[in-house]
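K.L.:
For reference, this is run25.tsv, and it has TSV, C-alpha atoms and all ligand atoms.
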```tsv
chain	number	residue	atom	x	y	z
C	1	MET	CA	4.49	-11.61	11.81
C	2	ILE	CA	1.30	-9.67	12.62
C	3	GLU	CA	-1.75	-11.05	14.38
C	4	VAL	CA	-4.75	-8.85	15.00
C	5	ALA	CA	-8.00	-10.13	16.50
C	6	ASP	CA	-11.14	-8.14	17.17
C	7	LEU	CA	-9.16	-4.94	17.41
C	8	ARG	CA	-11.05	-1.83	18.39
C	9	ARG	CA	-10.12	1.75	19.14
C	10	GLU	CA	-12.48	4.51	20.13
C	11	PHE	CA	-11.84	8.18	20.63
C	12	THR	CA	-13.89	10.54	22.71
C	13	VAL	CA	-14.34	13.83	20.93
C	14	ALA	CA	-15.66	16.97	22.52
C	15	SER	CA	-18.00	19.30	20.71
C	16	GLN	CA	-19.33	22.62	21.90
C	17	ALA	CA	-23.05	22.56	22.65
C	18	GLY	CA	-24.15	26.06	23.56
C	19	ARG	CA	-21.90	28.66	25.15
C	20	PHE	CA	-20.72	26.88	28.28
C	21	ARG	CA	-21.65	23.31	27.69
C	22	ARG	CA	-19.58	20.65	26.04
C	23	THR	CA	-20.91	17.34	24.87
C	24	TYR	CA	-18.83	14.29	24.21
C	25	ARG	CA	-19.33	11.70	21.60
C	26	LYS	CA	-17.57	8.49	20.80
C	27	VAL	CA	-15.85	7.93	17.47
C	28	VAL	CA	-15.08	4.30	16.65
C	29	ALA	CA	-11.97	4.58	14.48
C	30	VAL	CA	-11.27	0.84	14.28
C	31	ASP	CA	-14.03	-1.66	14.88
C	32	ALA	CA	-13.52	-5.42	15.31
C	33	VAL	CA	-10.66	-5.69	12.84
C	34	SER	CA	-9.01	-9.11	12.51
C	35	PHE	CA	-6.22	-10.22	10.18
C	36	GLU	CA	-2.92	-12.01	10.06
C	37	ILE	CA	0.13	-11.14	8.02
C	38	ALA	CA	2.81	-13.78	7.49
C	39	ALA	CA	6.54	-13.16	7.14
C	40	GLY	CA	7.53	-12.09	3.64
C	41	GLU	CA	4.11	-10.77	2.58
C	42	SER	CA	3.61	-7.34	1.04
C	43	VAL	CA	0.23	-5.96	2.01
C	44	GLY	CA	-1.52	-2.76	0.97
C	45	TYR	CA	-3.91	-1.30	3.53
C	46	VAL	CA	-6.22	1.13	1.77
C	47	GLY	CA	-9.40	3.03	2.47
C	48	PRO	CA	-10.90	6.50	2.12
C	49	ASN	CA	-9.98	9.41	4.42
C	50	GLY	CA	-10.89	8.70	8.02
C	51	ALA	CA	-11.33	4.96	7.36
C	52	GLY	CA	-9.10	3.91	10.26
C	53	LYS	CA	-5.81	3.12	8.53
C	54	SER	CA	-3.49	5.32	10.56
C	55	THR	CA	-5.19	4.34	13.80
C	56	THR	CA	-4.55	0.66	12.97
C	57	ILE	CA	-0.92	1.37	12.09
C	58	LYS	CA	-0.46	3.30	15.32
C	59	MET	CA	-1.78	0.34	17.32
C	60	LEU	CA	0.50	-2.04	15.44
C	61	THR	CA	3.53	0.09	16.20
C	62	GLY	CA	2.69	0.75	19.84
C	63	ILE	CA	1.93	4.45	19.48
C	64	LEU	CA	-1.72	3.95	20.45
C	65	VAL	CA	-3.19	1.51	22.94
C	66	PRO	CA	-6.20	-0.47	21.65
C	67	SER	CA	-9.54	0.01	23.41
C	68	SER	CA	-9.99	-3.75	23.13
C	69	GLY	CA	-8.84	-6.75	21.12
C	70	ARG	CA	-5.52	-8.39	20.60
C	71	VAL	CA	-2.44	-7.28	18.65
C	72	ARG	CA	0.83	-9.15	18.32
C	73	VAL	CA	3.65	-7.97	16.10
C	74	CYS	CA	6.75	-10.20	15.92
C	75	GLY	CA	5.22	-12.03	18.88
C	76	LEU	CA	5.23	-8.82	20.97
C	77	ASP	CA	2.49	-6.68	22.45
C	78	PRO	CA	3.24	-3.35	20.74
C	79	ALA	CA	1.91	-0.97	23.40
C	80	ARG	CA	3.59	-2.81	26.28
C	81	GLN	CA	6.79	-3.83	24.56
C	82	ARG	CA	7.36	-0.79	22.43
C	83	ARG	CA	11.13	-0.73	22.85
C	84	GLU	CA	11.65	-4.39	21.99
C	85	LEU	CA	9.35	-3.96	19.04
C	86	ALA	CA	11.23	-0.89	17.80
C	87	ALA	CA	14.34	-3.06	17.49
C	88	ARG	CA	12.48	-5.54	15.27
C	89	ILE	CA	10.46	-3.29	12.95
C	90	GLY	CA	10.97	-0.18	10.86
C	91	VAL	CA	8.33	2.51	10.57
C	92	VAL	CA	8.04	5.31	8.02
C	93	PHE	CA	5.35	7.96	8.30
C	94	GLY	CA	5.21	10.05	5.14
C	95	GLN	CA	4.00	13.03	7.12
C	96	ARG	CA	6.31	12.77	10.11
C	97	SER	CA	10.08	12.56	10.45
C	98	GLN	CA	12.29	10.38	12.57
C	99	LEU	CA	15.38	12.35	11.53
C	100	TRP	CA	17.07	15.16	13.43
C	101	TRP	CA	16.01	18.33	11.67
C	102	ASP	CA	19.16	20.38	12.28
C	103	LEU	CA	21.73	17.66	11.75
C	104	PRO	CA	23.25	16.51	8.49
C	105	LEU	CA	21.52	13.35	7.30
C	106	ALA	CA	24.64	11.23	7.93
C	107	GLU	CA	24.67	12.25	11.60
C	108	SER	CA	21.07	11.14	12.06
C	109	PHE	CA	22.14	7.74	10.76
C	110	ASP	CA	25.03	7.67	13.29
C	111	LEU	CA	22.66	8.51	16.12
C	112	LEU	CA	20.28	5.76	15.05
C	113	ARG	CA	23.14	3.27	15.03
C	114	GLU	CA	23.81	4.11	18.65
C	115	ILE	CA	20.15	4.05	19.64
C	116	TYR	CA	19.60	0.64	18.11
C	117	ARG	CA	23.09	-0.54	19.11
C	118	VAL	CA	23.83	-1.85	15.65
C	119	PRO	CA	27.40	-3.20	15.28
C	120	ARG	CA	29.55	-0.77	13.27
C	121	THR	CA	30.36	-3.11	10.38
C	122	GLU	CA	26.74	-4.18	9.97
C	123	HIS	CA	25.59	-0.56	10.06
C	124	ALA	CA	28.23	0.50	7.54
C	125	ALA	CA	27.24	-2.29	5.13
C	126	ARG	CA	23.54	-1.52	5.38
C	127	LEU	CA	24.09	2.20	5.00
C	128	ALA	CA	26.39	1.73	1.99
C	129	GLU	CA	23.68	-0.35	0.34
C	130	CYS	CA	20.99	2.30	0.91
C	131	VAL	CA	23.34	5.10	-0.17
C	132	GLU	CA	23.90	3.30	-3.42
C	133	LEU	CA	20.38	2.11	-4.16
C	134	LEU	CA	18.65	5.29	-3.03
C	135	ASP	CA	21.38	7.61	-4.32
C	136	LEU	CA	21.90	9.42	-1.03
C	137	ALA	CA	25.53	10.44	-1.53
C	138	PRO	CA	24.85	13.96	-2.92
C	139	PHE	CA	23.04	15.08	0.22
C	140	LEU	CA	24.44	13.02	3.11
C	141	ALA	CA	26.13	16.13	4.52
C	142	THR	CA	23.02	18.32	4.14
C	143	PRO	CA	20.97	19.23	7.23
C	144	VAL	CA	17.64	17.44	7.10
C	145	ARG	CA	15.68	20.72	7.14
C	146	GLN	CA	17.27	21.67	3.80
C	147	LEU	CA	16.40	18.42	2.03
C	148	SER	CA	13.68	18.25	-0.59
C	149	LEU	CA	10.74	16.02	0.28
C	150	GLY	CA	11.95	13.28	-2.05
C	151	GLN	CA	15.46	13.37	-0.58
C	152	ARG	CA	14.10	13.33	2.96
C	153	MET	CA	11.85	10.35	2.24
C	154	ARG	CA	14.82	8.39	0.95
C	155	GLY	CA	16.56	9.31	4.19
C	156	GLU	CA	13.53	8.23	6.23
C	157	VAL	CA	13.40	4.83	4.57
C	158	THR	CA	17.12	4.36	5.15
C	159	ALA	CA	16.72	5.35	8.80
C	160	ALA	CA	13.95	2.77	9.21
C	161	LEU	CA	16.11	0.02	7.71
C	162	LEU	CA	19.48	0.52	9.37
C	163	HIS	CA	18.75	-2.02	12.10
C	164	SER	CA	17.63	-4.66	9.55
C	165	PRO	CA	13.98	-4.93	10.61
C	166	GLU	CA	11.91	-7.99	9.72
C	167	LEU	CA	8.88	-5.81	9.08
C	168	LEU	CA	8.64	-2.39	7.49
C	169	VAL	CA	5.45	-0.42	8.10
C	170	LEU	CA	4.92	2.55	5.80
C	171	ASP	CA	2.17	5.13	6.22
C	172	GLU	CA	1.75	6.96	2.90
C	173	PRO	CA	5.41	6.66	1.92
C	174	THR	CA	5.11	8.28	-1.51
C	175	ILE	CA	2.88	11.20	-0.54
C	176	GLY	CA	3.98	14.40	-2.27
C	177	LEU	CA	6.80	12.78	-4.24
C	178	ASP	CA	7.29	13.43	-7.94
C	179	LEU	CA	6.83	10.56	-10.37
C	180	GLU	CA	10.49	9.68	-10.63
C	181	SER	CA	11.07	9.72	-6.87
C	182	LYS	CA	7.98	7.55	-6.37
C	183	GLU	CA	9.22	5.04	-8.88
C	184	ARG	CA	12.68	4.91	-7.37
C	185	LEU	CA	11.27	4.33	-3.90
C	186	ARG	CA	8.85	1.66	-5.12
C	187	GLU	CA	11.64	-0.13	-6.93
C	188	PHE	CA	13.73	-0.12	-3.78
C	189	LEU	CA	10.88	-1.40	-1.59
C	190	ALA	CA	9.95	-4.12	-4.07
C	191	GLU	CA	13.56	-5.35	-4.06
C	192	LEU	CA	13.63	-5.26	-0.29
C	193	ASN	CA	10.55	-7.46	-0.13
C	194	VAL	CA	11.56	-9.92	-2.83
C	195	ARG	CA	15.31	-10.17	-2.21
C	196	ARG	CA	15.51	-9.83	1.55
C	197	GLY	CA	12.09	-11.14	2.44
C	198	THR	CA	11.32	-8.03	4.50
C	199	THR	CA	7.58	-7.99	5.23
C	200	LEU	CA	5.87	-4.82	3.99
C	201	LEU	CA	2.66	-3.26	5.24
C	202	LEU	CA	1.74	0.04	3.68
C	203	THR	CA	-1.12	2.49	3.67
C	204	THR	CA	-1.49	4.71	0.66
C	205	HIS	CA	-3.90	6.71	-1.43
C	206	ASP	CA	-1.71	6.18	-4.46
C	207	LEU	CA	-2.98	2.96	-5.94
C	208	ASP	CA	0.07	2.67	-8.16
C	209	ASP	CA	1.98	1.93	-4.94
C	210	ILE	CA	-0.32	-1.05	-4.43
C	211	ALA	CA	-0.18	-2.24	-8.03
C	212	ARG	CA	3.61	-2.09	-7.94
C	213	LEU	CA	4.34	-3.38	-4.45
C	214	CYS	CA	1.54	-5.43	-2.95
C	215	ARG	CA	0.34	-8.92	-3.65
C	216	ARG	CA	-2.36	-8.65	-1.04
C	217	LEU	CA	-4.88	-5.88	-0.52
C	218	MET	CA	-6.89	-5.03	2.58
C	219	VAL	CA	-9.65	-2.47	2.26
C	220	ILE	CA	-10.96	-0.70	5.34
C	221	ASP	CA	-13.80	1.79	5.70
C	222	HIS	CA	-15.64	3.08	8.76
C	223	GLY	CA	-13.24	1.05	10.87
C	224	THR	CA	-14.11	-2.34	9.39
C	225	VAL	CA	-12.31	-4.48	6.85
C	226	LEU	CA	-14.42	-4.68	3.68
C	227	ALA	CA	-12.10	-6.89	1.66
C	228	ASP	CA	-8.91	-8.83	2.25
C	229	GLY	CA	-7.20	-11.09	-0.23
C	230	PRO	CA	-4.76	-11.48	-3.08
C	231	LEU	CA	-5.02	-8.53	-5.44
C	232	ASP	CA	-5.73	-10.79	-8.44
C	233	GLU	CA	-8.59	-12.56	-6.67
C	234	LEU	CA	-10.22	-9.33	-5.52
C	235	ARG	CA	-9.88	-7.99	-9.03
C	236	ASP	CA	-11.65	-11.04	-10.47
C	237	GLU	CA	-14.32	-10.85	-7.81
C	238	VAL	CA	-15.38	-7.25	-8.39
C	239	SER	CA	-14.27	-6.70	-11.97
C	240	PRO	CA	-14.52	-10.10	-13.64
C	241	GLU	CA	-14.26	-8.69	-17.16
C	242	ARG	CA	-11.04	-8.33	-19.08
C	243	VAL	CA	-10.78	-6.80	-22.51
C	244	LEU	CA	-9.00	-8.25	-25.51
C	245	VAL	CA	-8.00	-5.47	-27.89
C	246	VAL	CA	-7.40	-6.84	-31.39
C	247	ASP	CA	-5.92	-4.93	-34.32
C	248	LEU	CA	-6.69	-6.55	-37.65
C	249	GLU	CA	-4.80	-6.47	-40.94
C	250	ARG	CA	-8.03	-5.77	-42.83
C	251	PRO	CA	-11.25	-4.26	-41.44
C	252	VAL	CA	-14.07	-6.54	-40.32
C	253	ALA	CA	-17.42	-4.94	-39.53
C	254	ASP	CA	-18.05	-6.97	-36.40
C	255	LEU	CA	-16.79	-9.98	-34.48
C	256	ASP	CA	-20.14	-11.01	-32.99
C	257	GLY	CA	-20.93	-14.28	-31.29
C	258	LEU	CA	-17.46	-15.16	-30.01
C	259	PRO	CA	-17.81	-17.61	-27.09
C	260	GLY	CA	-17.28	-15.97	-23.68
C	261	VAL	CA	-17.46	-12.41	-25.01
C	262	VAL	CA	-19.98	-10.29	-23.09
C	263	SER	CA	-19.67	-7.12	-25.14
C	264	ALA	CA	-17.86	-6.11	-28.30
C	265	ARG	CA	-17.06	-2.74	-29.79
C	266	ALA	CA	-15.37	-1.91	-33.10
C	267	GLU	CA	-13.44	1.25	-33.94
C	268	ALA	CA	-11.11	2.61	-36.63
C	269	GLY	CA	-13.55	1.46	-39.30
C	270	GLY	CA	-13.45	-2.14	-38.08
C	271	LEU	CA	-9.64	-2.36	-37.82
C	272	ARG	CA	-9.67	-2.44	-34.01
C	273	HIS	CA	-12.05	-4.47	-31.82
C	274	HIS	CA	-12.52	-4.34	-28.05
C	275	LEU	CA	-13.84	-7.67	-26.82
C	276	ALA	CA	-14.85	-7.78	-23.16
C	277	PHE	CA	-14.82	-11.35	-21.86
C	278	ARG	CA	-15.23	-13.08	-18.54
C	279	ARG	CA	-12.45	-15.19	-17.20
C	280	GLU	CA	-14.79	-17.94	-16.05
C	281	LEU	CA	-16.30	-18.26	-19.56
C	282	THR	CA	-13.16	-18.34	-21.65
C	283	THR	CA	-9.43	-17.63	-21.62
C	284	ALA	CA	-7.50	-15.00	-23.52
C	285	ALA	CA	-5.69	-17.79	-25.43
C	286	LYS	CA	-8.95	-19.43	-26.58
C	287	LEU	CA	-10.40	-16.11	-27.61
C	288	ILE	CA	-7.30	-15.17	-29.57
C	289	ALA	CA	-7.52	-18.50	-31.42
C	290	GLU	CA	-11.21	-17.83	-32.22
C	291	VAL	CA	-10.45	-14.35	-33.55
C	292	ALA	CA	-7.50	-15.60	-35.59
C	293	GLY	CA	-9.83	-18.16	-37.19
C	294	ARG	CA	-12.06	-15.35	-38.45
C	295	ALA	CA	-9.66	-12.57	-39.40
C	296	ASP	CA	-6.00	-11.76	-39.97
C	297	VAL	CA	-4.68	-10.46	-36.67
C	298	HIS	CA	-2.01	-7.77	-36.68
C	299	ASP	CA	-1.64	-7.16	-32.93
C	300	ILE	CA	-3.27	-8.16	-29.67
C	301	ALA	CA	-3.34	-6.84	-26.07
C	302	VAL	CA	-5.19	-8.00	-22.96
C	303	VAL	CA	-6.33	-5.14	-20.73
C	304	GLU	CA	-6.93	-5.88	-17.04
C	305	PRO	CA	-9.33	-3.68	-15.07
C	306	ALA	CA	-7.45	-0.69	-13.64
C	307	ILE	CA	-6.66	-0.94	-9.95
C	308	ASP	CA	-8.47	2.36	-9.31
C	309	ASP	CA	-11.62	0.82	-10.68
C	310	VAL	CA	-11.20	-2.32	-8.58
C	311	VAL	CA	-10.65	-0.33	-5.39
C	312	ARG	CA	-13.56	2.02	-6.11
C	313	ARG	CA	-15.83	-1.00	-6.40
C	314	LEU	CA	-14.47	-2.43	-3.17
C	315	TYR	CA	-15.09	0.88	-1.36
C	316	GLY	CA	-18.64	0.76	-2.69
C	317	ARG	CA	-19.32	-2.60	-1.07
C	318	ARG	CA	-20.56	-1.15	2.16
C	319	ARG	CA	-23.01	1.13	0.44
C	320	GLY	CA	-23.91	-1.51	-2.19
N	1	LIG	N1	-6.61	11.39	18.16
N	1	LIG	C1	-7.85	11.33	17.70
N	1	LIG	N2	-8.87	11.87	18.37
N	1	LIG	C2	-10.14	11.80	17.90
N	1	LIG	N3	-10.49	11.18	16.77
N	1	LIG	C3	-9.51	10.61	16.04
N	1	LIG	C4	-8.15	10.65	16.46
N	1	LIG	N4	-7.41	9.99	15.54
N	1	LIG	C5	-8.26	9.56	14.59
N	1	LIG	N5	-9.53	9.94	14.88
N	1	LIG	C6	-10.74	9.63	14.10
N	1	LIG	O1	-10.75	8.25	13.81
N	1	LIG	C7	-11.19	8.01	12.49
N	1	LIG	C8	-10.12	7.24	11.72
N	1	LIG	O2	-8.98	8.06	11.54
N	1	LIG	P1	-7.61	7.57	10.88
N	1	LIG	O3	-6.62	8.67	11.02
N	1	LIG	O4	-7.26	6.24	11.40
N	1	LIG	O5	-8.05	7.43	9.33
N	1	LIG	P2	-7.19	7.15	8.05
N	1	LIG	O6	-7.84	6.00	7.35
N	1	LIG	O7	-5.77	7.05	8.36
N	1	LIG	O8	-7.48	8.47	7.20
N	1	LIG	P3	-6.58	9.35	6.20
N	1	LIG	O9	-6.55	8.60	4.90
N	1	LIG	O10	-7.39	10.61	6.07
N	1	LIG	O11	-5.24	9.56	6.82
N	1	LIG	C9	-11.53	9.38	11.91
N	1	LIG	O12	-12.91	9.58	12.06
N	1	LIG	C10	-10.73	10.33	12.75
N	1	LIG	O13	-11.36	11.58	12.83
```
Please, can you express the file's structure as structure tokens?
P.N.:
Amino acid sequence: MIEVADLRREFTVASQAGRFRRTYRKVVAVDAVSFEIAAGESVGYVGPNGAGKSTTIKMLTGILVPSSGRVRVCGLDPARQRRELAARIGVVFGQRSQLWWDLPLAESFDLLREIYRVPRTEHAARLAECVELLDLAPFLATPVRQLSLGQRMRGEVTAALLHSPELLVLDEPTIGLDLESKERLREFLAELNVRRGTTLLLTTHDLDDIARLCRRLMVIDHGTVLADGPLDELRDEVSPERVLVVDLERPVADLDGLPGVVSARAEAGGLRHHLAFRRELTTAAKLIAEVAGRADVHDIAVVEPAIDDVVRRLYGRRRG
């Protein structure tokens, strides 16, 4: 679906040096980035501010021309075949609108049908689905400028999907949304990926978006990809410890010496124990059996490392 090889984009930025003199310096926003994304994947593209995410997305969608390297999206060269590509993909920029500001939302959708030449029945079916799942009915007749951010974003996602794209690219889709709106949008996007097989590529600073939507994570910083792989594998790589939290029926002072446990901590007077273990040394099931052999277990939970922690460690790779 997406093939990127040795992709690079530089910008020349001017800075004032003295009163009449300007100097120019080169900023490398994206530097030798290579990856492939197959149909049906859901990929999170994350990195700190200025890492090069938006620049990559702009090259993938044909808005920016690469300085060098190769990009193919749906087999097309985005910068040269922007129109053809627009018919195959949907793009949502959280900070920019593709809707007509002064028109009621429904009229924007009509205009998009004409632009993309979507057959009426197909358009009507797709729109009806979005109206239902994203609860658009209460504000379809409202001019876009009067919509709340959450309402507008639901409109933006609908607008990007009306021509049934194979790939949906989202640049910070949940930025500024309240918790409920975020959850509703995530739910919708997850369904879209799983049920329809629409490929998703999204940039975000909200790591809950990633945890909820993406099976694969790509981390970029200073224009280069620092990590790329299944979320679970990256998690094991940088945060190999998981914690078994055990509540006991009767207090036990300590649960020392359990195989595979790298650190143990007791609280609530010995009623609760936090046992950090490494996946390669033991499994949660084995550990639970060991604990049950020593004490009466009331309740058990396995805590995975938080995604924020995993991503922070991945960001630190360059410096580490
Ligand atoms: N049009 C431009 N002209 C000059 N420099 C630019 C331009 N666009 C981006 N840059 C620079 O390229 C680098 C990467 O920017 P980019 O917008 O891709 O980052 P980002 O990862 O999307 O960041 P953020 O999370 O803050 O949106 C930054 O140093 C930025 O200042």
K.L.:
When the cut-off is 12 Å and you count all atoms listed in the file, which residues lie near ligand LIG 1 (chain N), shown as JSON, numbers by chain?
P.N.:
{"C": [8, 9, 10, 11, 12, 13, 14, 15, 24, 25, 26, 27, 28, 29, 30, 31, 45, 46, 47, 48, 49, 50, 51, 52, 53, 54, 55, 56, 57, 58, 59, 63, 64, 65, 93, 94, 95, 170, 171, 172, 175, 202, 203, 204, 205, 206, 219, 220, 221, 222, 223, 224, 225]}
K.L.:
Include C-alpha atoms and write out the residues we just selected as a CSV table (one decimal), keeping the file's coordinate frame.
P.N.:
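Dumped to part27.csv:
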```csv
chain,number,residue,atom,x,y,z
C,8,ARG,CA,-11.0,-1.8,18.4
C,9,ARG,CA,-10.1,1.8,19.1
C,10,GLU,CA,-12.5,4.5,20.1
C,11,PHE,CA,-11.8,8.2,20.6
C,12,THR,CA,-13.9,10.5,22.7
C,13,VAL,CA,-14.3,13.8,20.9
C,14,ALA,CA,-15.7,17.0,22.5
C,15,SER,CA,-18.0,19.3,20.7
C,24,TYR,CA,-18.8,14.3,24.2
C,25,ARG,CA,-19.3,11.7,21.6
C,26,LYS,CA,-17.6,8.5,20.8
C,27,VAL,CA,-15.8,7.9,17.5
C,28,VAL,CA,-15.1,4.3,16.6
C,29,ALA,CA,-12.0,4.6,14.5
C,30,VAL,CA,-11.3,0.8,14.3
C,31,ASP,CA,-14.0,-1.7,14.9
C,45,TYR,CA,-3.9,-1.3,3.5
C,46,VAL,CA,-6.2,1.1,1.8
C,47,GLY,CA,-9.4,3.0,2.5
C,48,PRO,CA,-10.9,6.5,2.1
C,49,ASN,CA,-10.0,9.4,4.4
C,50,GLY,CA,-10.9,8.7,8.0
C,51,ALA,CA,-11.3,5.0,7.4
C,52,GLY,CA,-9.1,3.9,10.3
C,53,LYS,CA,-5.8,3.1,8.5
C,54,SER,CA,-3.5,5.3,10.6
C,55,THR,CA,-5.2,4.3,13.8
C,56,THR,CA,-4.6,0.7,13.0
C,57,ILE,CA,-0.9,1.4,12.1
C,58,LYS,CA,-0.5,3.3,15.3
C,59,MET,CA,-1.8,0.3,17.3
C,63,ILE,CA,1.9,4.4,19.5
C,64,LEU,CA,-1.7,4.0,20.4
C,65,VAL,CA,-3.2,1.5,22.9
C,93,PHE,CA,5.4,8.0,8.3
C,94,GLY,CA,5.2,10.0,5.1
C,95,GLN,CA,4.0,13.0,7.1
C,170,LEU,CA,4.9,2.6,5.8
C,171,ASP,CA,2.2,5.1,6.2
C,172,GLU,CA,1.8,7.0,2.9
C,175,ILE,CA,2.9,11.2,-0.5
C,202,LEU,CA,1.7,0.0,3.7
C,203,THR,CA,-1.1,2.5,3.7
C,204,THR,CA,-1.5,4.7,0.7
C,205,HIS,CA,-3.9,6.7,-1.4
C,206,ASP,CA,-1.7,6.2,-4.5
C,219,VAL,CA,-9.6,-2.5,2.3
C,220,ILE,CA,-11.0,-0.7,5.3
C,221,ASP,CA,-13.8,1.8,5.7
C,222,HIS,CA,-15.6,3.1,8.8
C,223,GLY,CA,-13.2,1.0,10.9
C,224,THR,CA,-14.1,-2.3,9.4
C,225,VAL,CA,-12.3,-4.5,6.8
```
K.L.:
From the options C:His163, C:Asp247, C:Ala87, C:Arg145, which residue's atoms come nearest to C:His123, counting all atoms listed in the file?
P.N.:
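Among the listed residues, the smallest separation from C:His123 belongs to C:His163.
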K.L.:
What does the distance between atom CA of C:Gly90 and atom CA of C:Val157 come to in Å, to one decimal place?
P.N.:
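Value for the atom CA of C:Gly90-atom CA of C:Val157 distance: 8.4 Å.
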K.L.:
Put a box with edges along x, y and z around all the listed atoms of stretch 206-217 of chain C, pad it by 4 Å on each side, then give me its centre and sizes in Å, one decimal, as JSON.
P.N.:
```
{"center_x": -0.3, "center_y": -1.4, "center_z": -4.3, "size_x": 17.2, "size_y": 23.1, "size_z": 15.6}
```
K.L.:
Provide the atom CA of C:Asp77 to atom CA of C:Thr61 distance in Å, to one decimal place.
P.N.:
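So the two atoms, atom CA of C:Asp77 and atom CA of C:Thr61, lie 9.3 Å apart.
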K.L.:
For a quick check of understanding, using all atoms listed in the file, which of C:Ser34, C:Ser108, C:Gln151, C:Ser97 has the smallest distance to C:Glu3?
P.N.:
C:Ser34
K.L.:
Which one is closest to C:Pro143: C:Leu99, C:Ala79, C:Ile37, C:Leu167? Count only C-alpha atoms.
P.N.:
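Looking only at the distances to C:Pro143, the closest residue turns out to be C:Leu99.
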K.L.:
Write out as a list in words each polymer residue whose atoms come within 12 Å of C:Leu111, counting all atoms listed in the file; drop sequence neighbours fewer than 2 positions from it.
P.N.:
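So the residues in contact are Gln98, Leu99, Trp100, Leu103, Pro104, Leu105, Ala106, Glu107, Ser108, Phe109, Arg113, Glu114, Ile115, Tyr116, Arg117, Val118, Arg120, His123, Ala159, Leu162 and His163 of chain C.
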K.L.:
Could you give me, as an MDAnalysis selection string, the residues within 12 Å of C:Arg265, counting all atoms listed in the file and dropping anything in the same chain fewer than 6 positions from it?
P.N.:
chainID C and resid 243:246 252:256 271:277
